[in-house]
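K.L.:
Handing over coords28.csv, CSV, C-alpha atoms.
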chain,number,residue,atom,x,y,z
A,1,MET,CA,7.7,19.5,-27.1
A,2,PRO,CA,5.6,20.7,-24.2
A,3,GLU,CA,7.0,23.1,-21.7
A,4,THR,CA,8.0,21.6,-18.4
A,5,LEU,CA,7.4,23.1,-15.0
A,6,HIS,CA,9.4,21.4,-12.3
A,7,ILE,CA,8.2,21.6,-8.7
A,8,PRO,CA,11.0,21.1,-6.2
A,9,ALA,CA,10.7,18.6,-3.3
A,10,PHE,CA,9.9,21.0,-0.5
A,11,GLN,CA,7.2,22.8,-2.5
A,12,SER,CA,5.8,19.4,-3.6
A,13,PHE,CA,5.6,18.2,0.0
A,14,THR,CA,3.9,21.4,1.1
A,15,LEU,CA,1.4,21.1,-1.7
A,16,ALA,CA,0.7,17.5,-0.6
A,17,ILE,CA,-0.2,18.7,2.9
A,18,LEU,CA,-2.6,21.3,1.4
A,19,LEU,CA,-4.1,18.7,-0.9
A,20,PHE,CA,-4.7,16.4,2.1
A,21,PHE,CA,-6.8,19.1,3.8
A,22,VAL,CA,-8.6,19.8,0.5
A,23,GLY,CA,-9.5,16.1,0.3
A,24,GLN,CA,-10.6,16.1,3.9
A,25,LYS,CA,-13.0,19.0,3.2
A,26,LEU,CA,-14.4,17.5,0.0
A,27,ALA,CA,-14.8,14.1,1.5
A,28,ALA,CA,-16.8,15.6,4.4
A,29,ALA,CA,-18.9,17.9,2.2
A,30,TRP,CA,-19.8,15.5,-0.7
A,31,GLU,CA,-22.1,12.7,0.3
A,32,PRO,CA,-21.1,10.1,-2.4
A,33,LEU,CA,-17.5,10.2,-1.1
A,34,ARG,CA,-18.7,9.5,2.4
A,35,ARG,CA,-21.1,6.8,1.3
A,36,TYR,CA,-18.3,4.9,-0.5
A,37,ASN,CA,-15.7,5.5,2.1
A,38,ILE,CA,-13.2,7.1,-0.3
A,39,PRO,CA,-10.1,8.1,1.7
A,40,GLU,CA,-9.3,11.8,2.0
A,41,PRO,CA,-5.8,11.5,0.5
A,42,VAL,CA,-7.3,9.9,-2.6
A,43,VAL,CA,-9.6,12.8,-3.1
A,44,GLY,CA,-7.0,15.5,-2.9
A,45,GLY,CA,-4.3,13.6,-4.7
A,46,PHE,CA,-6.4,12.5,-7.6
A,47,LEU,CA,-7.9,16.0,-8.0
A,48,CYS,CA,-4.3,17.3,-8.4
A,49,ALA,CA,-3.6,14.6,-11.0
A,50,CYS,CA,-6.6,15.6,-13.0
A,51,VAL,CA,-5.5,19.3,-12.9
A,52,VAL,CA,-2.0,18.3,-14.0
A,53,GLY,CA,-3.5,16.2,-16.8
A,54,LEU,CA,-5.6,19.1,-18.1
A,55,ALA,CA,-2.6,21.4,-18.0
A,56,TYR,CA,-0.7,19.0,-20.2
A,57,GLY,CA,-3.6,18.3,-22.6
A,58,VAL,CA,-5.0,21.8,-22.9
A,59,LEU,CA,-2.1,24.2,-22.2
A,60,GLY,CA,0.8,21.9,-23.3
A,61,LEU,CA,2.4,22.4,-19.9
A,62,ARG,CA,4.0,19.4,-18.3
A,63,ILE,CA,4.1,19.7,-14.5
A,64,GLU,CA,6.5,17.4,-12.7
A,65,PHE,CA,6.8,17.0,-9.0
A,66,ASP,CA,10.0,16.0,-7.2
A,67,LEU,CA,8.7,13.1,-5.1
A,68,GLN,CA,11.7,12.2,-3.1
A,69,VAL,CA,9.8,12.9,0.1
A,70,ARG,CA,7.0,10.4,-1.1
A,71,ASP,CA,9.5,7.6,-1.3
A,72,GLN,CA,10.9,8.4,2.2
A,73,LEU,CA,7.3,8.5,3.6
A,74,LEU,CA,6.7,5.0,2.2
A,75,LEU,CA,9.9,3.7,4.0
A,76,TYR,CA,8.8,5.2,7.3
A,77,PHE,CA,5.3,3.7,6.9
A,78,PHE,CA,6.6,0.2,6.3
A,79,ALA,CA,9.2,0.5,9.1
A,80,GLY,CA,6.3,1.5,11.4
A,81,ILE,CA,4.4,-1.6,10.5
A,82,GLY,CA,7.5,-3.6,11.3
A,83,LEU,CA,7.9,-1.9,14.7
A,84,LYS,CA,4.3,-2.7,15.5
A,85,SER,CA,4.7,-6.4,14.5
A,86,ASP,CA,5.4,-8.4,17.6
A,87,LEU,CA,5.8,-11.9,16.4
A,88,LYS,CA,3.1,-12.9,18.9
A,89,THR,CA,0.7,-11.2,16.5
A,90,LEU,CA,1.3,-14.0,14.1
A,91,LYS,CA,-0.4,-16.3,16.6
A,92,GLU,CA,-3.2,-13.7,16.9
A,93,GLY,CA,-3.6,-13.8,13.1
A,94,GLY,CA,-3.6,-17.5,13.2
A,95,LYS,CA,-5.8,-19.3,10.7
A,96,PRO,CA,-7.2,-16.1,9.1
A,97,LEU,CA,-3.6,-14.9,8.3
A,98,ALA,CA,-2.8,-18.2,6.7
A,99,ILE,CA,-6.0,-18.2,4.6
A,100,LEU,CA,-5.5,-14.7,3.4
A,101,LEU,CA,-1.9,-15.4,2.5
A,102,VAL,CA,-3.0,-18.4,0.4
A,103,LEU,CA,-5.7,-16.3,-1.3
A,104,ALA,CA,-3.3,-13.5,-2.1
A,105,SER,CA,-0.6,-15.8,-3.4
A,106,GLY,CA,-3.1,-17.6,-5.7
A,107,PHE,CA,-4.3,-14.2,-6.9
A,108,ILE,CA,-0.7,-13.3,-7.9
A,109,VAL,CA,-0.6,-16.3,-10.2
A,110,LEU,CA,-4.0,-15.4,-11.7
A,111,GLN,CA,-2.9,-11.8,-12.3
A,112,ASN,CA,0.2,-13.0,-14.2
A,113,VAL,CA,-1.6,-15.6,-16.2
A,114,LEU,CA,-4.1,-13.0,-17.3
A,115,GLY,CA,-1.4,-10.4,-18.1
A,116,MET,CA,0.8,-12.8,-20.1
A,117,GLY,CA,-2.2,-14.2,-22.0
A,118,LEU,CA,-3.4,-10.8,-23.1
A,119,ALA,CA,0.2,-9.7,-24.0
A,120,GLY,CA,0.4,-12.7,-26.4
A,121,LEU,CA,-3.0,-11.8,-27.9
A,122,PHE,CA,-1.8,-8.2,-28.6
A,123,GLY,CA,1.4,-9.5,-30.3
A,124,LEU,CA,3.8,-8.7,-27.4
A,125,ASP,CA,6.3,-10.9,-25.6
A,126,PRO,CA,4.1,-12.8,-23.1
A,127,ARG,CA,6.6,-11.9,-20.4
A,128,ALA,CA,5.7,-8.2,-20.9
A,129,GLY,CA,2.4,-9.2,-19.4
A,130,LEU,CA,4.1,-9.6,-16.0
A,131,MET,CA,4.6,-5.9,-15.9
A,132,THR,CA,0.8,-5.6,-16.2
A,133,GLY,CA,0.3,-8.3,-13.6
A,134,SER,CA,1.6,-8.8,-10.1
A,135,ILE,CA,4.7,-6.6,-10.6
A,136,ALA,CA,2.8,-3.4,-11.0
A,137,LEU,CA,-0.4,-4.3,-9.2
A,138,THR,CA,0.4,-6.4,-6.2
A,139,GLY,CA,3.9,-5.1,-6.0
A,140,GLY,CA,3.2,-1.4,-6.6
A,141,VAL,CA,5.4,1.4,-7.9
A,142,ALA,CA,8.5,0.4,-5.9
A,143,THR,CA,8.4,-3.2,-7.2
A,144,THR,CA,7.8,-1.9,-10.7
A,145,LEU,CA,10.9,0.3,-10.5
A,146,THR,CA,12.9,-2.6,-9.1
A,147,TRP,CA,12.0,-5.1,-11.9
A,148,ALA,CA,11.9,-2.7,-14.9
A,149,PRO,CA,15.7,-2.7,-15.6
A,150,HIS,CA,15.7,-6.5,-15.6
A,151,PHE,CA,12.9,-6.6,-18.3
A,152,ILE,CA,14.6,-3.9,-20.4
A,153,ASP,CA,18.2,-5.1,-20.2
A,154,ARG,CA,17.9,-8.9,-20.0
A,155,LEU,CA,14.5,-9.6,-21.6
A,156,GLN,CA,14.8,-6.9,-24.2
A,157,ILE,CA,11.3,-5.5,-23.5
A,158,ALA,CA,11.9,-1.9,-24.2
A,159,ASN,CA,8.6,-0.4,-23.0
A,160,ALA,CA,8.6,-2.4,-19.8
A,161,MET,CA,8.8,0.7,-17.6
A,162,GLU,CA,6.0,2.4,-19.4
A,163,LEU,CA,3.8,-0.7,-19.2
A,164,GLY,CA,4.4,-1.1,-15.5
A,165,MET,CA,4.0,2.5,-14.5
A,166,ALA,CA,0.8,2.9,-16.6
A,167,THR,CA,-0.6,-0.3,-15.1
A,168,ASN,CA,0.3,0.8,-11.6
A,169,MET,CA,-1.2,4.2,-12.2
A,170,VAL,CA,-4.6,2.9,-13.2
A,171,GLY,CA,-4.4,0.1,-10.6
A,172,LEU,CA,-3.8,2.5,-7.8
A,173,ILE,CA,-6.8,4.6,-8.8
A,174,ALA,CA,-8.9,1.5,-9.0
A,175,ALA,CA,-7.6,0.2,-5.7
A,176,CYS,CA,-8.5,3.5,-4.0
A,177,SER,CA,-12.0,3.4,-5.5
A,178,ILE,CA,-13.3,-0.1,-5.0
A,179,GLY,CA,-12.4,-0.8,-1.4
A,180,GLY,CA,-15.2,1.2,0.2
A,181,PRO,CA,-17.9,0.3,-2.3
A,182,ILE,CA,-17.2,-3.4,-2.0
A,183,ALA,CA,-17.4,-3.1,1.8
A,184,GLY,CA,-20.6,-1.2,1.7
A,185,TRP,CA,-22.2,-3.7,-0.8
A,186,LEU,CA,-21.2,-6.7,1.3
A,187,MET,CA,-22.6,-5.1,4.5
A,188,ARG,CA,-25.9,-4.3,2.8
A,189,ARG,CA,-26.2,-7.7,1.0
A,190,HIS,CA,-25.5,-9.7,4.0
A,191,ALA,CA,-27.1,-7.4,6.6
A,192,ILE,CA,-23.8,-7.0,8.5
A,193,ARG,CA,-23.5,-4.4,11.2
A,194,GLY,CA,-20.3,-2.6,12.1
A,195,SER,CA,-18.6,-3.1,15.5
A,196,ASP,CA,-19.0,0.5,16.6
A,197,ALA,CA,-15.9,-0.1,18.7
A,198,ARG,CA,-13.5,2.7,19.5
A,199,PRO,CA,-10.6,3.6,19.5
A,200,LEU,CA,-9.4,2.6,16.0
A,201,ASP,CA,-6.0,1.2,15.3
A,202,VAL,CA,-3.7,0.6,12.4
A,203,GLY,CA,-1.9,-2.7,12.4
A,204,VAL,CA,-1.8,-3.2,16.1
A,205,SER,CA,-4.2,-4.6,18.7
A,206,ASN,CA,-6.0,-2.2,21.1
A,207,LYS,CA,-5.7,-4.6,24.0
A,208,GLN,CA,-2.7,-2.6,25.3
A,209,ALA,CA,-3.4,0.1,27.8
A,210,ALA,CA,-3.6,3.6,26.4
A,211,VAL,CA,-0.5,5.7,26.7
A,212,THR,CA,-0.5,9.5,26.5
A,213,LEU,CA,1.1,11.0,23.4
A,214,ASP,CA,4.0,13.2,24.4
A,215,TYR,CA,7.1,14.9,23.0
A,216,TYR,CA,9.5,12.2,24.1
A,217,GLY,CA,7.3,9.4,22.8
A,218,VAL,CA,7.3,10.9,19.3
A,219,LEU,CA,11.1,11.5,19.4
A,220,ARG,CA,11.7,7.9,20.6
A,221,ALA,CA,9.5,6.6,17.8
A,222,TRP,CA,11.4,8.6,15.3
A,223,LEU,CA,14.7,7.3,16.5
A,224,TRP,CA,13.5,3.6,16.2
A,225,LEU,CA,12.1,4.3,12.7
A,226,ASN,CA,15.4,5.7,11.6
A,227,MET,CA,17.2,2.6,13.0
A,228,ALA,CA,14.8,0.4,11.1
A,229,LEU,CA,15.5,2.3,7.8
A,230,MET,CA,19.2,1.9,8.4
A,231,ILE,CA,18.8,-1.9,8.8
A,232,GLY,CA,16.7,-1.9,5.7
A,233,GLY,CA,19.4,-0.1,3.8
A,234,VAL,CA,21.8,-3.0,4.7
A,235,LEU,CA,19.3,-5.8,4.1
A,236,THR,CA,18.1,-4.7,0.6
A,237,PRO,CA,21.5,-5.1,-1.2
A,238,LEU,CA,22.0,-8.5,0.6
A,239,PHE,CA,18.7,-9.7,-0.9
A,240,GLN,CA,19.8,-8.6,-4.3
A,241,GLU,CA,23.1,-10.4,-4.0
A,242,ILE,CA,21.2,-13.7,-3.5
A,243,GLY,CA,19.0,-13.0,-6.5
A,244,LEU,CA,15.9,-11.8,-4.6
A,245,GLN,CA,14.6,-8.6,-6.2
A,246,LEU,CA,12.8,-6.9,-3.2
A,247,PRO,CA,12.1,-3.2,-3.0
A,248,MET,CA,13.7,-1.1,-0.3
A,249,PHE,CA,10.5,-0.9,1.8
A,250,VAL,CA,10.5,-4.7,2.4
A,251,GLY,CA,14.0,-4.4,3.9
A,252,CYS,CA,12.7,-1.5,6.2
A,253,LEU,CA,9.7,-3.6,7.2
A,254,ILE,CA,12.0,-6.5,8.1
A,255,GLY,CA,14.3,-4.0,9.9
A,256,GLY,CA,11.3,-2.9,12.0
A,257,ILE,CA,10.3,-6.5,12.8
A,258,VAL,CA,13.9,-7.3,13.9
A,259,LEU,CA,14.1,-4.3,16.2
A,260,ARG,CA,10.6,-4.9,17.7
A,261,ASN,CA,11.4,-8.5,18.5
A,262,THR,CA,15.0,-8.2,19.7
A,263,ALA,CA,15.9,-4.8,21.3
A,264,GLY,CA,12.2,-3.9,21.8
A,265,ARG,CA,11.4,-7.1,23.7
A,266,TRP,CA,14.5,-6.7,25.8
A,267,MET,CA,13.5,-3.2,26.9
A,268,LEU,CA,9.9,-4.3,27.6
A,269,GLY,CA,11.2,-6.9,30.0
A,270,ARG,CA,13.5,-4.4,31.8
A,271,LYS,CA,11.2,-1.4,32.6
A,272,GLN,CA,13.1,-0.7,35.8
A,273,HIS,CA,16.5,-0.5,34.0
A,274,LYS,CA,18.1,2.9,33.7
A,275,LEU,CA,17.3,2.9,30.0
A,276,GLY,CA,13.7,2.0,30.8
A,277,GLN,CA,12.6,5.4,29.6
A,278,PHE,CA,13.0,4.1,26.1
A,279,HIS,CA,10.6,1.2,26.6
A,280,TRP,CA,8.1,0.5,23.8
A,281,GLN,CA,4.9,1.5,25.5
A,282,SER,CA,6.1,5.1,25.9
A,283,MET,CA,6.4,5.5,22.2
A,284,ARG,CA,3.5,3.5,20.9
A,285,GLN,CA,1.2,6.6,20.4
A,286,GLY,CA,4.0,8.5,18.7
A,287,LEU,CA,4.7,5.7,16.4
A,288,ALA,CA,1.0,5.5,15.5
A,289,MET,CA,0.8,9.2,14.8
A,290,ILE,CA,3.9,9.2,12.6
A,291,SER,CA,2.7,6.2,10.7
A,292,ASP,CA,-0.8,7.7,10.1
A,293,ILE,CA,0.8,11.0,8.8
A,294,CYS,CA,3.2,9.1,6.5
A,295,LEU,CA,0.3,6.9,5.2
A,296,GLY,CA,-1.9,9.9,4.3
A,297,LEU,CA,0.8,12.0,2.7
A,298,PHE,CA,2.3,9.1,0.8
A,299,LEU,CA,-1.0,8.3,-0.8
A,300,THR,CA,-1.6,12.0,-1.6
A,301,MET,CA,1.8,12.3,-3.2
A,302,ALA,CA,1.5,9.0,-5.1
A,303,LEU,CA,-1.7,10.2,-6.7
A,304,MET,CA,-0.7,13.8,-7.3
A,305,GLY,CA,2.4,12.5,-9.2
A,306,LEU,CA,0.4,10.5,-11.7
A,307,GLN,CA,1.1,11.4,-15.3
A,308,LEU,CA,-2.1,10.4,-17.0
A,309,TRP,CA,-0.7,11.1,-20.5
A,310,VAL,CA,1.8,8.1,-20.1
A,311,LEU,CA,-1.1,5.9,-21.1
A,312,GLN,CA,-1.2,7.1,-24.6
A,313,GLY,CA,1.5,4.9,-26.1
A,314,SER,CA,0.0,1.5,-25.0
A,315,LEU,CA,-3.5,2.6,-24.2
A,316,GLY,CA,-5.4,-0.2,-25.8
A,317,PHE,CA,-3.4,-3.0,-24.2
A,318,VAL,CA,-3.2,-1.4,-20.8
A,319,LEU,CA,-6.8,-0.5,-20.6
A,320,THR,CA,-7.9,-4.0,-21.7
A,321,VAL,CA,-5.7,-5.7,-19.2
A,322,LEU,CA,-6.7,-3.3,-16.4
A,323,VAL,CA,-10.5,-3.7,-17.0
A,324,LEU,CA,-10.1,-7.4,-16.7
A,325,GLN,CA,-7.7,-7.2,-13.8
A,326,VAL,CA,-10.1,-4.9,-11.8
A,327,LEU,CA,-13.1,-7.1,-12.6
A,328,MET,CA,-11.3,-10.2,-11.5
A,329,ALA,CA,-10.2,-8.5,-8.3
A,330,ILE,CA,-13.8,-7.3,-7.5
A,331,PHE,CA,-15.3,-10.8,-8.2
A,332,PHE,CA,-12.5,-12.6,-6.3
A,333,THR,CA,-12.8,-10.2,-3.3
A,334,ALA,CA,-16.6,-10.3,-3.0
A,335,PHE,CA,-17.2,-14.0,-3.7
A,336,VAL,CA,-14.1,-15.8,-2.5
A,337,VAL,CA,-12.2,-13.6,0.0
A,338,PHE,CA,-15.4,-12.6,1.9
A,339,ARG,CA,-16.5,-16.2,2.3
A,340,ALA,CA,-13.1,-17.6,3.1
A,341,MET,CA,-12.4,-15.0,5.8
A,342,GLY,CA,-15.6,-15.7,7.8
A,343,ARG,CA,-18.5,-13.7,6.3
A,344,ASP,CA,-18.5,-11.2,9.2
A,345,TYR,CA,-17.6,-7.5,9.8
A,346,GLU,CA,-13.9,-8.4,10.1
A,347,ALA,CA,-14.2,-10.1,6.7
A,348,VAL,CA,-15.8,-7.0,5.3
A,349,VAL,CA,-12.9,-4.8,6.4
A,350,ILE,CA,-10.4,-7.3,5.1
A,351,CYS,CA,-12.2,-7.2,1.7
A,352,ALA,CA,-11.9,-3.4,1.7
A,353,GLY,CA,-8.2,-3.8,2.0
A,354,PHE,CA,-7.8,-6.7,-0.5
A,355,GLY,CA,-8.2,-4.4,-3.4
A,356,GLY,CA,-5.1,-2.5,-2.0
A,357,ILE,CA,-3.2,-5.8,-1.8
A,358,THR,CA,-4.0,-6.8,-5.4
A,359,LEU,CA,-4.2,-3.5,-7.2
A,360,GLY,CA,-2.4,-0.8,-5.3
A,361,SER,CA,-0.1,-1.1,-2.2
A,362,THR,CA,-0.2,-1.8,1.5
A,363,ALA,CA,-0.7,2.0,2.1
A,364,THR,CA,-3.8,1.8,-0.1
A,365,ALA,CA,-5.1,-1.3,1.6
A,366,VAL,CA,-4.7,0.3,5.1
A,367,ALA,CA,-6.2,3.6,3.9
A,368,ASN,CA,-9.3,1.8,2.5
A,369,MET,CA,-9.7,-0.2,5.7
A,370,THR,CA,-9.3,2.9,7.9
A,371,ALA,CA,-12.0,4.7,5.9
A,372,VAL,CA,-14.4,1.8,6.5
A,373,ALA,CA,-13.4,1.5,10.2
A,374,ARG,CA,-14.0,5.2,10.8
A,375,SER,CA,-17.6,4.8,9.6
A,376,HIS,CA,-18.5,1.4,11.1
A,377,GLY,CA,-16.1,0.7,14.0
A,378,ALA,CA,-12.7,-1.0,14.7
A,379,ALA,CA,-11.8,-4.3,13.2
A,380,HIS,CA,-8.7,-5.3,15.2
A,381,ARG,CA,-8.1,-8.7,13.6
A,382,ALA,CA,-8.2,-7.2,10.1
A,383,PHE,CA,-5.6,-4.6,11.0
A,384,ILE,CA,-3.3,-7.3,12.2
A,385,VAL,CA,-3.7,-9.7,9.3
A,386,VAL,CA,-3.8,-7.5,6.3
A,387,PRO,CA,-0.6,-5.4,6.9
A,388,LEU,CA,1.4,-8.6,7.7
A,389,VAL,CA,0.2,-10.4,4.6
A,390,CYS,CA,0.4,-7.6,2.0
A,391,GLY,CA,3.3,-5.7,3.7
A,392,PHE,CA,5.7,-8.6,4.1
A,393,PHE,CA,4.8,-12.1,3.0
A,394,VAL,CA,3.2,-11.2,-0.3
A,395,ASP,CA,6.1,-9.2,-1.6
A,396,ILE,CA,8.5,-12.2,-1.0
A,397,ILE,CA,6.1,-14.6,-2.7
A,398,ASN,CA,5.6,-12.1,-5.5
A,399,ALA,CA,9.3,-11.9,-6.1
A,400,LEU,CA,9.6,-15.7,-6.3
A,401,VAL,CA,6.6,-16.1,-8.6
A,402,VAL,CA,7.9,-13.4,-11.0
A,403,GLN,CA,11.4,-14.8,-11.1
A,404,PHE,CA,9.9,-18.2,-12.0
A,405,MET,CA,7.5,-16.9,-14.7
A,406,ALA,CA,10.0,-14.5,-16.2
A,407,ARG,CA,12.4,-17.2,-17.3
Turn this file's structure into structure tokens for me.
P.N.:
Amino acid sequence: MPETLHIPAFQSFTLAILLFFVGQKLAAAWEPLRRYNIPEPVVGGFLCACVVGLAYGVLGLRIEFDLQVRDQLLLYFFAGIGLKSDLKTLKEGGKPLAILLVLASGFIVLQNVLGMGLAGLFGLDPRAGLMTGSIALTGGVATTLTWAPHFIDRLQIANAMELGMATNMVGLIAACSIGGPIAGWLMRRHAIRGSDARPLDVGVSNKQAAVTLDYYGVLRAWLWLNMALMIGGVLTPLFQEIGLQLPMFVGCLIGGIVLRNTAGRWMLGRKQHKLGQFHWQSMRQGLAMISDICLGLFLTMALMGLQLWVLQGSLGFVLTVLVLQVLMAIFFTAFVVFRAMGRDYEAVVICAGFGGITLGSTATAVANMTAVARSHGAAHRAFIVVPLVCGFFVDIINALVVQFMAR
């Protein structure tokens, strides 16, 4: 048995901050990372995962990080998306949002058909292929952890957790790696120029007037984020009671949307009220800052926590599935999503994020899009459409599809 070194939560979080800065320096210094728009958190987090893997393989030392902070960062990130999501943005998304939702929903079915088909060829229960399909890839680690007990206890698929986590692990790495290169290839192939627009945004239009970041704005944002998390903590068990297996972050996202479009709308309409100091514009910049920090550190911790040796037990099946899943995602993104979304720069940025939708997570999608936008300019429509699709609608559709196919 290998010796285990456990890194407590506080030290793990501190290391993640350090790794983020390491990734930032490496991404700035190494030209291939800049050329392919690889996000800084990916560089630092994956470097740590490789070091941990070498320690296990060479020294027989198993390094385990306490990642409770990572899970909390994910909840804050999704709550932030919800708080930025005025329902009027659905109208702004309009036809592109509907098209991307249809494409992502269709791809969920393709992922599961491929996973189930290959599971049967490898002599496994075909339903085990769902863990190597949309559960682990479109759903991400939270969805994998949510569904694994159902597959183990009710479907008697004993290695469901290992299959899902190994698939999610490789999918996350792939999602972080293909977004930038796909965007660059599309821009060169179709002679597309970036917008060169500033400032950048994450999931919210820049049509609003700029607001200065201040102490009270950050504190107000933090208050509303915590309220969204509390609502999410109530909604998630309710979903489970009606048979809808949705991860906690979806409840937090919905909680943010509810707050934004009820209490937030009331306050925006009553700026002269004695509580007007809490109106939404005053905290918009603080919310953006907290969301960006949570996104970067979540992605860093997600990658630094990868245990590459988990792939050993089902390496052949998982690698075969993942190679085909990644190739299918690349082809579908470059030749279907790009054309359907308009064949312009906004479509390029959406394509950079689509790998995150189908292989990683919303955080990965936004990180890939942000990396492209930093190099080539803002793409406001893309940052409205993609977070709404992959952070909200797709998780609900994914749950429904998996429930139907897992019968």
K.L.:
Determine, counting all atoms listed in the file, which protein, DNA and RNA residues have an atom within 8 Å of an atom of stretch 3-8 of chain A; residues of the same chain fewer than 2 positions away are not included. Present the result as a count of residues only.
P.N.:
11
K.L.:
I'd like the interatomic distance between atom CA of A:Val170 and atom CA of A:His150, to a tenth of an Å.
P.N.:
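Result for atom CA of A:Val170 versus atom CA of A:His150: 22.5 Å, one decimal.
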K.L.:
Neighbouring residues of A:Asp71 were defined as those with any atom within 9 Å, considering all atoms listed in the file; residues of the same chain fewer than 4 positions away were excluded. Please report them as a tab-separated table (two decimals) with C-alpha atoms, in the frame of the given file.
P.N.:
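As a result, part.tsv now contains:
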chain	number	residue	atom	x	y	z
A	67	LEU	CA	8.70	13.10	-5.10
A	75	LEU	CA	9.90	3.70	4.00
A	76	TYR	CA	8.80	5.20	7.30
A	142	ALA	CA	8.50	0.40	-5.90
A	298	PHE	CA	2.30	9.10	0.80
A	302	ALA	CA	1.50	9.00	-5.10
K.L.:
Looking at all atoms listed in the file, which of A:Ser85, A:Asn368, A:Gln245, A:Asn226 is the one that sits closest to A:Leu400?
P.N.:
A:Gln245
K.L.:
Near A:Leu225, counting all atoms listed in the file, which residues have an atom at most 12 Å away, once you skip same-chain residues fewer than 2 positions from it, shown as an MDAnalysis selection string?
P.N.:
chainID A and resid 72:84 218:223 227:232 252:260 283:284 286:288 290:291 294
K.L.:
Atom CA of A:Leu295 and atom CA of A:Val366, how far apart in Å?
P.N.:
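We find that atom CA of A:Val366 and atom CA of A:Leu295 lie 8.3 Å from each other.
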K.L.:
Quick one: of A:Ala27, A:Ala49, A:Leu163, A:Val69, who's nearest to A:Leu319, counting only C-alpha atoms?
P.N.:
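The answer is A:Leu163, which sits nearest to A:Leu319.
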K.L.:
Need the shell around A:Gly140: protein/DNA/RNA residues with any atom at most 12 Å away, counting all atoms listed in the file. Skip same-chain ones fewer than 3 positions apart. Format as a VMD selection string?
P.N.:
chain A and resid 74 131 to 137 143 to 147 164 to 173 175 246 to 247 249 302 356 to 365 390 to 391 394 to 395 398
K.L.:
Could you check which of A:Met248, A:Leu97, A:Leu238, A:Ala340 is closest to A:Arg381, using all atoms listed in the file?
P.N.:
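For A:Arg381, the nearest of the given residues is A:Leu97.
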K.L.:
Determine the nearest neighbour of A:Ala191 from the options A:Phe354, A:Phe383, A:Phe393, A:Tyr345, counting all atoms listed in the file.
P.N.:
A:Tyr345
K.L.:
Given the choices A:Cys176, A:Ala378, A:Leu155, A:Ala371, which gets closest to A:Val326 if the distance is worked out from all atoms listed in the file?
P.N.:
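Selected residue with least distance to A:Val326: A:Cys176.
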K.L.:
Find, counting all atoms listed in the file, the residue in A:Gln68, A:Leu327, A:Arg193, A:Ser375 that gets nearest to A:Ala347.
P.N.:
A:Arg193
